[in-house]
Amino acid sequence: MRISIFVFIMKEPIAELLSKYPVNRKEGLLPILQEMQREYGFLPEELLGEVGRHLNLPVNKIFAVAAFYDYFRFKPQGHHHIQICRGTACHLAGSSTYLNELEKHLKVKAGSTSRDRKFSLELMNCMGACESAPVLRINETFYHHVTPEDLTRIIRSIKDKTD
Ligand code: FES
């Protein structure tokens with residue numbers, strides 16, 4: 001029931017979005033997916049069929065293309081989307097402990113979004129800043145050389161913002 005209401009709400013914007021792209025032109029796939037990601041914050045699975053019908057592409061092909069890019073997500077993110085680096089340098093600098101702390105205090109498991117949609121937690125491979133390990137990103141803000149004290153402050157701060 002919840003999903004069908006969600007799809008009903010989304011159908012109108014997707015029709016409008018698709019109307020900007022020519023029918024059956026497969027080169028429109030990436031721009032459409034990018035626009036969907038911007039519009040909804042993720043790629044709602046229920047709407048990818050609409051994209052497939054518009055471009056005359058099978059949904060599994062659309063999935064395969066989208067899954068190739070880290071940029072695309074298939075689940076809604078939390079208000080605070082937390083990415084924690086699990087690359088070697090960050091792992092050695094304690095990111096596993098930080099992950100446990102985040103899961104415990106925010107009540108969200110790695111790779112998922114909390115029920116209230118306040119937090120989502122994503123594990124990343126190297127985020128390209130190994131010299132600043134351990135690295136954490138929350139929405140658009142990067143945190144470098146995160147110490148346990150920093151993490152406590154960060155958790156308190158984002159919890160305060162959502163209470
Ligand atoms: S291993 Fe974390 S930024 Fe490279």
# chains A, B, ... in the order shown; residues from 1 in each chain; ligands from 1
$ residues_around --residues "Tyr98 of chain A" --least-positions-apart "5" --cutoff "9 Å" --atoms "only C-alpha atoms" --output "list in words"
Ile84, Glu103, Pro148 and Leu151 of chain A
$ residues_around --residues "Lys104 of chain A" --least-positions-apart "5" --cutoff "12 Å" --atoms "only C-alpha atoms" --output "ChimeraX atom specification"
/A:97-99,109-110,114,121,152,155
$ write_last_selection --atoms "N, CA, C and O atoms" --output "tab-separated table (two decimals), in the first residue's frame"
chain	number	residue	atom	x	y	z
A	97	THR	N	35.90	0.71	14.01
A	97	THR	CA	35.36	1.12	15.32
A	97	THR	C	34.35	2.24	15.14
A	97	THR	O	33.30	2.26	15.77
A	98	TYR	N	34.68	3.18	14.23
A	98	TYR	CA	33.78	4.31	13.99
A	98	TYR	C	32.47	3.83	13.41
A	98	TYR	O	31.40	4.33	13.76
A	99	LEU	N	32.57	2.84	12.52
A	99	LEU	CA	31.35	2.29	11.93
A	99	LEU	C	30.46	1.70	13.02
A	99	LEU	O	29.25	1.96	13.05
A	109	LYS	N	21.98	0.38	10.23
A	109	LYS	CA	23.00	-0.59	9.82
A	109	LYS	C	23.70	-0.09	8.55
A	109	LYS	O	23.09	0.62	7.73
A	110	ALA	N	24.96	-0.49	8.41
A	110	ALA	CA	25.70	-0.13	7.20
A	110	ALA	C	24.92	-0.60	5.97
A	110	ALA	O	24.39	-1.70	5.95
A	114	SER	N	17.76	4.50	8.16
A	114	SER	CA	16.95	4.30	9.37
A	114	SER	C	15.46	4.40	9.02
A	114	SER	O	15.09	5.05	8.04
A	121	LEU	N	23.61	5.08	6.06
A	121	LEU	CA	25.03	4.79	6.30
A	121	LEU	C	25.56	3.96	5.14
A	121	LEU	O	25.03	2.89	4.84
A	152	THR	N	32.35	11.58	18.34
A	152	THR	CA	31.33	11.82	19.37
A	152	THR	C	30.62	13.15	19.12
A	152	THR	O	29.40	13.24	19.18
A	155	ILE	N	28.37	12.86	15.94
A	155	ILE	CA	27.14	12.11	16.22
A	155	ILE	C	26.17	12.97	17.01
A	155	ILE	O	24.98	13.07	16.68
$ atom_distance --atom1 "atom CA of Asn125 of chain A" --atom2 "atom CA of Gly78 of chain A"
19.9 Å
$ residues_near_ligand --ligand "ligand 1" --cutoff "9 Å" --atoms "only C-alpha atoms and all ligand atoms" --output "VMD selection string"
chain A and resid 84 to 93 95 124 to 136 144
$ select_by_dssp --residues "chain A" --states "helix (DSSP H, G or I)" --output "ChimeraX atom specification"
/A:2-18,26-40,45-55,59-68,88-92,95-106,130-132,148-162
$ closest_residue --among "A:Arg153, A:Leu48, A:Gln34, A:Asn56" --to "Pro22 of chain A" --atoms "only C-alpha atoms"
A:Asn56
$ residues_around --residues "segment 60-71 of chain A" --least-positions-apart "3" --cutoff "8 Å" --atoms "only C-alpha atoms" --output "list in words"
Leu29, Leu33, Leu48, Gly52 and Leu57 of chain A
$ residues_around --residues "Glu45 of chain A" --least-positions-apart "2" --cutoff "12 Å" --atoms "only C-alpha atoms" --output "ChimeraX atom specification"
/A:3,6-7,10,33,36-37,40,42-43,47-52,59-60,62-63,66,72-76
$ write_last_selection --atoms "N, CA, C and O atoms" --output "short mmCIF file (atom, residue, chain, number, x, y, z; two decimals), in the first residue's frame"
data_model
loop_
_atom_site.label_atom_id
_atom_site.label_comp_id
_atom_site.auth_asym_id
_atom_site.auth_seq_id
_atom_site.Cartn_x
_atom_site.Cartn_y
_atom_site.Cartn_z
N ILE A 3 3.98 1.55 -0.93
CA ILE A 3 4.73 1.68 -2.17
C ILE A 3 3.84 2.18 -3.29
O ILE A 3 4.22 3.04 -4.06
N PHE A 6 3.39 5.82 -3.04
CA PHE A 6 4.66 6.43 -3.44
C PHE A 6 4.76 6.51 -4.97
O PHE A 6 5.07 7.54 -5.53
N VAL A 7 4.46 5.39 -5.65
CA VAL A 7 4.55 5.35 -7.11
C VAL A 7 3.54 6.32 -7.71
O VAL A 7 3.84 7.05 -8.65
N MET A 10 4.86 9.73 -7.60
CA MET A 10 6.03 9.93 -8.47
C MET A 10 5.70 9.90 -9.96
O MET A 10 6.46 10.38 -10.77
N LEU A 33 18.63 9.22 -16.03
CA LEU A 33 18.94 8.67 -14.71
C LEU A 33 19.52 9.75 -13.80
O LEU A 33 19.20 9.82 -12.60
N MET A 36 16.68 11.89 -12.67
CA MET A 36 15.88 11.18 -11.66
C MET A 36 16.58 11.20 -10.31
O MET A 36 15.95 11.42 -9.27
N GLN A 37 17.89 10.97 -10.34
CA GLN A 37 18.65 10.96 -9.09
C GLN A 37 18.56 12.33 -8.41
O GLN A 37 18.41 12.43 -7.19
N TYR A 40 14.67 12.75 -7.19
CA TYR A 40 14.17 11.90 -6.10
C TYR A 40 15.22 11.58 -5.05
O TYR A 40 14.89 11.03 -4.01
N PHE A 42 17.33 9.28 -5.43
CA PHE A 42 17.70 7.89 -5.74
C PHE A 42 16.91 7.48 -6.97
O PHE A 42 16.12 8.27 -7.50
N LEU A 43 17.13 6.25 -7.45
CA LEU A 43 16.40 5.76 -8.62
C LEU A 43 15.30 4.82 -8.14
O LEU A 43 15.59 3.66 -7.83
N LEU A 47 9.92 3.08 -10.96
CA LEU A 47 9.83 3.99 -12.11
C LEU A 47 10.79 3.65 -13.23
O LEU A 47 10.70 4.21 -14.32
N LEU A 48 11.69 2.72 -13.00
CA LEU A 48 12.65 2.39 -14.06
C LEU A 48 11.95 1.70 -15.23
O LEU A 48 12.40 1.79 -16.38
N GLY A 49 10.82 1.04 -14.96
CA GLY A 49 10.04 0.45 -16.04
C GLY A 49 9.52 1.53 -16.99
O GLY A 49 9.47 1.34 -18.21
N GLU A 50 9.13 2.67 -16.42
CA GLU A 50 8.65 3.80 -17.23
C GLU A 50 9.78 4.29 -18.15
O GLU A 50 9.56 4.61 -19.31
N VAL A 51 10.97 4.34 -17.59
CA VAL A 51 12.14 4.76 -18.37
C VAL A 51 12.38 3.76 -19.50
O VAL A 51 12.61 4.13 -20.65
N GLY A 52 12.29 2.46 -19.16
CA GLY A 52 12.49 1.41 -20.16
C GLY A 52 11.49 1.52 -21.30
O GLY A 52 11.86 1.39 -22.47
N VAL A 59 14.46 -3.32 -18.48
CA VAL A 59 14.79 -2.78 -17.15
C VAL A 59 16.11 -3.35 -16.63
O VAL A 59 16.90 -2.63 -16.02
N ASN A 60 16.38 -4.63 -16.91
CA ASN A 60 17.64 -5.20 -16.40
C ASN A 60 18.85 -4.51 -17.02
O ASN A 60 19.90 -4.36 -16.39
N ILE A 62 18.88 -1.31 -17.84
CA ILE A 62 18.94 -0.01 -17.14
C ILE A 62 19.62 -0.20 -15.78
O ILE A 62 20.48 0.59 -15.39
N PHE A 63 19.23 -1.25 -15.08
CA PHE A 63 19.86 -1.57 -13.80
C PHE A 63 21.36 -1.75 -13.97
O PHE A 63 22.16 -1.23 -13.19
N ALA A 66 23.07 1.61 -14.51
CA ALA A 66 23.07 2.44 -13.30
C ALA A 66 24.00 1.86 -12.23
O ALA A 66 24.68 2.62 -11.54
N PHE A 72 24.78 6.58 -8.67
CA PHE A 72 23.36 6.23 -8.60
C PHE A 72 23.06 5.37 -7.39
O PHE A 72 23.82 4.49 -7.02
N ARG A 73 21.89 5.64 -6.79
CA ARG A 73 21.45 4.86 -5.64
C ARG A 73 20.08 4.27 -5.94
O ARG A 73 19.29 4.89 -6.65
N PHE A 74 19.82 3.12 -5.34
CA PHE A 74 18.54 2.45 -5.58
C PHE A 74 17.63 2.50 -4.35
O PHE A 74 16.53 1.99 -4.39
N LYS A 75 18.15 3.10 -3.29
CA LYS A 75 17.33 3.23 -2.08
C LYS A 75 17.33 4.69 -1.67
O LYS A 75 18.33 5.38 -1.88
N PRO A 76 16.26 5.14 -1.03
CA PRO A 76 16.25 6.53 -0.56
C PRO A 76 17.30 6.74 0.52
O PRO A 76 17.55 5.84 1.33
#
$ closest_residue --among "A:Lys20, A:His79, A:Arg53, A:Arg25" --to "Ile138 of chain A" --atoms "only C-alpha atoms"
A:His79
$ residues_around --residues "Thr162 of chain A" --least-positions-apart "3" --cutoff "8 Å" --atoms "only C-alpha atoms" --output "MDAnalysis selection string"
chainID A and resid 118 158:159
$ atom_distance --atom1 "atom CA of Phe142 of chain A" --atom2 "atom CA of Ile32 of chain A"
28.1 Å
$ select_by_dssp --residues "chain A" --states "strand (DSSP E)" --output "ChimeraX atom specification"
/A:80-85,112-113,119-124,136-138,141-143
$ atom_distance --atom1 "atom CA of Thr113 of chain A" --atom2 "atom CA of Gly28 of chain A"
29.8 Å
